[in-house]
Structures are given as C-alpha cells and as structure tokens.
$ cat final.cif   # mmCIF, C-alpha atoms
data_input
#
loop_
_atom_site.group_PDB
_atom_site.id
_atom_site.type_symbol
_atom_site.label_atom_id
_atom_site.label_comp_id
_atom_site.auth_asym_id
_atom_site.auth_seq_id
_atom_site.Cartn_x
_atom_site.Cartn_y
_atom_site.Cartn_z
ATOM 1 C CA MET F 1387 153.921 207.255 144.068
ATOM 2 C CA THR F 1388 154.539 205.109 147.125
ATOM 3 C CA PRO F 1389 158.055 203.679 147.328
ATOM 4 C CA MET F 1390 158.442 199.896 147.320
ATOM 5 C CA PRO F 1391 159.086 198.465 150.771
ATOM 6 C CA ARG F 1392 162.715 197.725 151.416
ATOM 7 C CA PRO F 1393 163.454 193.988 151.689
ATOM 8 C CA THR F 1394 164.606 192.609 155.014
ATOM 9 C CA LEU F 1395 168.207 191.449 155.259
ATOM 10 C CA ASP F 1396 167.007 187.838 155.174
ATOM 11 C CA GLN F 1397 165.071 188.500 151.964
ATOM 12 C CA TYR F 1398 168.036 190.307 150.451
ATOM 13 C CA PHE F 1399 170.499 187.491 151.164
ATOM 14 C CA MET F 1400 168.011 184.829 150.029
ATOM 15 C CA GLU F 1401 167.719 186.694 146.722
ATOM 16 C CA ILE F 1402 171.501 186.573 146.396
ATOM 17 C CA ALA F 1403 171.458 182.813 147.109
ATOM 18 C CA ALA F 1404 168.899 182.422 144.300
ATOM 19 C CA VAL F 1405 171.181 184.318 141.903
ATOM 20 C CA VAL F 1406 174.183 182.177 142.942
ATOM 21 C CA ALA F 1407 172.061 179.056 142.255
ATOM 22 C CA LYS F 1408 171.921 180.057 138.582
ATOM 23 C CA ARG F 1409 175.589 178.949 138.302
ATOM 24 C CA SER F 1410 174.587 175.377 139.201
ATOM 25 C CA THR F 1411 175.294 172.628 136.688
ATOM 26 C CA CYS F 1412 173.060 170.039 138.386
ATOM 27 C CA LEU F 1413 170.298 168.571 136.255
ATOM 28 C CA ARG F 1414 167.919 168.059 139.228
ATOM 29 C CA ASN F 1415 168.168 171.076 141.531
ATOM 30 C CA HIS F 1416 169.857 174.431 141.194
ATOM 31 C CA VAL F 1417 171.007 175.275 144.707
ATOM 32 C CA GLY F 1418 172.779 178.398 145.915
ATOM 33 C CA ALA F 1419 174.255 179.227 149.321
ATOM 34 C CA VAL F 1420 175.572 182.420 150.890
ATOM 35 C CA LEU F 1421 177.465 182.670 154.186
ATOM 36 C CA VAL F 1422 176.946 186.023 155.909
ATOM 37 C CA LYS F 1423 178.280 187.576 159.094
ATOM 38 C CA ASN F 1424 177.762 191.128 160.346
ATOM 39 C CA LYS F 1425 175.802 191.972 157.181
ATOM 40 C CA ARG F 1426 178.767 191.000 154.980
ATOM 41 C CA ILE F 1427 178.952 188.164 152.484
ATOM 42 C CA LEU F 1428 181.813 185.869 153.448
ATOM 43 C CA SER F 1429 181.442 183.180 150.806
ATOM 44 C CA THR F 1430 179.063 181.743 148.219
ATOM 45 C CA GLY F 1431 178.577 178.319 146.703
ATOM 46 C CA TYR F 1432 176.443 176.455 144.208
ATOM 47 C CA ASN F 1433 176.093 172.754 143.459
ATOM 48 C CA GLY F 1434 178.372 171.420 140.762
ATOM 49 C CA ALA F 1435 181.154 168.953 140.048
ATOM 50 C CA PRO F 1436 184.513 169.267 141.808
ATOM 51 C CA ALA F 1437 187.003 171.644 140.178
ATOM 52 C CA GLY F 1438 188.428 170.262 136.945
ATOM 53 C CA LEU F 1439 185.855 167.477 136.553
ATOM 54 C CA ASP F 1440 183.082 167.338 133.981
ATOM 55 C CA HIS F 1441 179.767 168.669 135.209
ATOM 56 C CA CYS F 1442 176.484 166.780 135.215
ATOM 57 C CA ASP F 1443 175.093 168.964 132.440
ATOM 58 C CA VAL F 1444 177.901 167.477 130.284
ATOM 59 C CA VAL F 1445 178.081 163.818 131.425
ATOM 60 C CA GLY F 1446 174.571 163.264 132.755
ATOM 61 C CA CYS F 1447 173.134 162.617 136.193
ATOM 62 C CA ALA F 1448 174.366 159.551 138.082
ATOM 63 C CA ARG F 1449 171.265 159.790 140.322
ATOM 64 C CA GLU F 1450 168.734 160.001 137.496
ATOM 65 C CA ASN F 1451 166.415 157.287 138.859
ATOM 66 C CA VAL F 1452 167.285 157.745 142.549
ATOM 67 C CA GLU F 1453 164.772 159.145 145.012
ATOM 68 C CA SER F 1454 165.500 162.676 146.199
ATOM 69 C CA GLY F 1455 167.195 162.804 149.593
ATOM 70 C CA THR F 1456 168.846 159.384 149.236
ATOM 71 C CA ARG F 1457 172.125 157.907 147.980
ATOM 72 C CA HIS F 1458 174.111 161.159 148.128
ATOM 73 C CA GLU F 1459 177.315 159.213 147.540
ATOM 74 C CA LEU F 1460 176.301 158.623 143.907
ATOM 75 C CA CYS F 1461 176.151 162.329 143.134
ATOM 76 C CA ARG F 1462 179.220 163.804 141.460
ATOM 77 C CA ALA F 1463 178.323 167.320 142.588
ATOM 78 C CA VAL F 1464 179.618 169.157 145.610
ATOM 79 C CA HIS F 1465 176.620 170.708 147.342
ATOM 80 C CA ALA F 1466 176.199 174.488 147.475
ATOM 81 C CA GLU F 1467 176.604 174.598 151.261
ATOM 82 C CA GLN F 1468 179.761 172.501 151.032
ATOM 83 C CA ASN F 1469 181.199 174.747 148.321
ATOM 84 C CA ALA F 1470 180.489 177.879 150.369
ATOM 85 C CA ILE F 1471 182.262 176.349 153.392
ATOM 86 C CA ILE F 1472 185.178 175.144 151.251
ATOM 87 C CA GLN F 1473 185.597 178.549 149.588
ATOM 88 C CA ALA F 1474 185.722 180.264 152.979
ATOM 89 C CA ALA F 1475 188.343 177.758 154.157
ATOM 90 C CA LEU F 1476 190.448 178.182 151.003
ATOM 91 C CA HIS F 1477 190.558 181.928 151.576
ATOM 92 C CA GLY F 1478 191.128 181.737 155.337
ATOM 93 C CA ILE F 1479 187.768 183.221 156.273
ATOM 94 C CA SER F 1480 186.227 182.165 159.571
ATOM 95 C CA ILE F 1481 182.518 181.430 159.284
ATOM 96 C CA GLU F 1482 182.028 180.812 163.002
ATOM 97 C CA GLY F 1483 178.814 182.542 164.076
ATOM 98 C CA ALA F 1484 177.720 183.182 160.469
ATOM 99 C CA THR F 1485 174.299 182.690 158.909
ATOM 100 C CA LEU F 1486 173.933 180.295 155.987
ATOM 101 C CA TYR F 1487 171.295 181.380 153.477
ATOM 102 C CA CYS F 1488 170.401 178.559 151.122
ATOM 103 C CA THR F 1489 167.807 178.072 148.416
ATOM 104 C CA HIS F 1490 167.168 174.535 149.719
ATOM 105 C CA GLN F 1491 167.211 172.881 153.133
ATOM 106 C CA PRO F 1492 170.605 171.286 153.789
ATOM 107 C CA CYS F 1493 170.923 167.504 153.558
ATOM 108 C CA VAL F 1494 172.369 165.539 156.476
ATOM 109 C CA LEU F 1495 175.891 165.654 154.983
ATOM 110 C CA CYS F 1496 175.768 169.436 154.697
ATOM 111 C CA ALA F 1497 174.143 169.752 158.127
ATOM 112 C CA LYS F 1498 177.123 167.964 159.687
ATOM 113 C CA MET F 1499 179.536 170.318 157.922
ATOM 114 C CA VAL F 1500 177.501 173.336 159.022
ATOM 115 C CA ILE F 1501 177.569 172.106 162.620
ATOM 116 C CA ASN F 1502 181.323 171.532 162.626
ATOM 117 C CA SER F 1503 181.894 174.911 160.941
ATOM 118 C CA ARG F 1504 180.129 176.548 163.898
ATOM 119 C CA VAL F 1505 177.601 178.340 161.722
ATOM 120 C CA ALA F 1506 175.018 179.850 164.076
ATOM 121 C CA ARG F 1507 171.938 180.071 161.864
ATOM 122 C CA VAL F 1508 170.497 178.481 158.723
ATOM 123 C CA VAL F 1509 167.803 180.120 156.605
ATOM 124 C CA TYR F 1510 166.433 178.120 153.672
ATOM 125 C CA ALA F 1511 163.636 178.540 151.137
ATOM 126 C CA GLN F 1512 162.694 175.070 149.842
ATOM 127 C CA SER F 1513 162.280 171.925 151.884
ATOM 128 C CA TYR F 1514 164.254 168.755 151.199
ATOM 129 C CA PRO F 1515 163.235 165.204 152.210
ATOM 130 C CA ASP F 1516 165.810 164.815 154.973
ATOM 131 C CA GLY F 1517 164.367 165.179 158.467
ATOM 132 C CA THR F 1518 167.576 163.912 160.052
ATOM 133 C CA ALA F 1519 169.392 167.025 158.846
ATOM 134 C CA LEU F 1520 166.934 169.300 160.645
ATOM 135 C CA GLN F 1521 167.144 167.175 163.793
ATOM 136 C CA PHE F 1522 170.946 167.390 163.794
ATOM 137 C CA LEU F 1523 170.935 171.169 163.302
ATOM 138 C CA LYS F 1524 168.426 171.680 166.108
ATOM 139 C CA GLN F 1525 170.297 169.292 168.444
ATOM 140 C CA ALA F 1526 173.449 171.323 167.791
ATOM 141 C CA GLY F 1527 171.659 174.515 168.832
ATOM 142 C CA ILE F 1528 171.653 176.040 165.363
ATOM 143 C CA ASN F 1529 168.736 178.352 164.681
ATOM 144 C CA VAL F 1530 166.941 177.008 161.579
ATOM 145 C CA GLU F 1531 164.354 179.138 159.782
ATOM 146 C CA ARG F 1532 162.217 178.786 156.706
ATOM 147 C CA PRO F 1533 160.627 182.164 155.870
#
$ encode --input "final.cif" --output "structure tokens"
Amino acid sequence: MTPMPRPTLDQYFMEIAAVVAKRSTCLRNHVGAVLVKNKRILSTGYNGAPAGLDHCDVVGCARENVESGTRHELCRAVHAEQNAIIQAALHGISIEGATLYCTHQPCVLCAKMVINSRVARVVYAQSYPDGTALQFLKQAGINVERP
C-alpha cells in the first residue's frame, strides 16, 4: 500500500483555517483565518459578532439584500482576519512577518489591518469581489497567493 502524500505546510494551515471557519455564526459566509510564523500557529479567528453581542444566526443578517463585497459597515460581524489580529494583540503576540491563511480573500478593511500589522504573506482559498483589497496588499509588498 502506497502511503498518502504528506500535505504541504500551506495545505495543512489552510485545512486548519477551514476547521476554524466552522465556528462562524455568519449566515452568508463561514470564514476562518490562521496567523502562522515559523511553522507555529500564533492566532486564529472566525467571523462573528463582537464579544457579548448576539450573533447573526440569532438576530438575522443586516446585509441580507446587500451585494457581496459592499456596505461592510452594515455587518455586525467582526471578520475572521480582524479577529485573528485582535486575538494576537490581546495576548501580546507579535504577528510581524507572519503568514495569514484565510478561507476567503480579505476585504479592503481587513487588507488595511493586515498591512498595518506587518503581516508578510496572505494565502487564501476563495475569491471575494474586492479588487481594491488585492491592490492594497500588493502595493504594500505583501505576497498574496491563491493555491
């Protein structure tokens, strides 16, 4: 019997991001994010309401009839990338030079946070209708990959 090929590190961490996404309480997209540096997980995040507030799966989606990629300010959820960055900050963990693995391409709001957090690389699985986010990441010199 031939052994199964071992997944690459990128595949491994993307699988973990997909598992983290299962915690999401969003009614539209279940998104997971993992921040990794030197082969170690620094922080994870998924999209859901701020701590202590009712989640969308309880109160409904405020963006129900809003086109994807627009009107982010209406959403009550904190994005997965934002939550991963916030969790690292809360625990005093530097993410400078880290790789962000995310189930979905970051939006422009998350891209700006990623840039200012000095994340070095972003790997994402699913596209998102926000070309400005990709432009910002590339202009900032962040390596962006979609396997």
$ closest_residue --input "final.cif" --among "F:Val1417, F:Leu1395, F:Cys1488, F:Ala1497" --to "F:Gly1527" --atoms "only C-alpha atoms"
F:Ala1497
$ resolve_selection --input "final.cif" --expression "the PyMOL selection byres ((chain F and resi 1450) around 12)" --output "list of chain:residue names"
F:Cys1412, F:Leu1413, F:Arg1414, F:Asn1415, F:Cys1442, F:Val1445, F:Gly1446, F:Cys1447, F:Ala1448, F:Arg1449, F:Asn1451, F:Val1452, F:Glu1453, F:Ser1454, F:Thr1456, F:Arg1457, F:His1458, F:Leu1460, F:Cys1461, F:Arg1462
$ resolve_selection --input "final.cif" --expression "the PyMOL selection byres ((chain F and resi 1463) around 7)" --output "number ranges by chain"
F: 1433-1436, 1461-1462, 1464-1465
$ resolve_selection --input "final.cif" --expression "the PyMOL selection byres ((chain F and resi 1508) around 10)" --output "VMD selection string"
chain F and resid 1421 1484 to 1488 1491 to 1492 1497 1500 1505 to 1507 1509 to 1510 1523 1528 to 1532
$ axis_aligned_box --input "final.cif" --around "stretch 1461-1469 of chain F" --padding-each-side "3 Å" --output "AutoDock Vina command-line options"
--center_x 178.7 --center_y 168.5 --center_z 146.4 --size_x 11.0 --size_y 18.4 --size_z 15.8
$ closest_residue --input "final.cif" --among "F:Leu1428, F:Ile1501, F:Ala1419, F:Ile1479" --to "F:Lys1524" --atoms "all atoms listed in the file"
F:Ile1501
$ closest_residue --input "final.cif" --among "F:Met1390, F:Leu1520, F:Val1444, F:Ile1471" --to "F:Gly1431" --atoms "all atoms listed in the file"
F:Ile1471
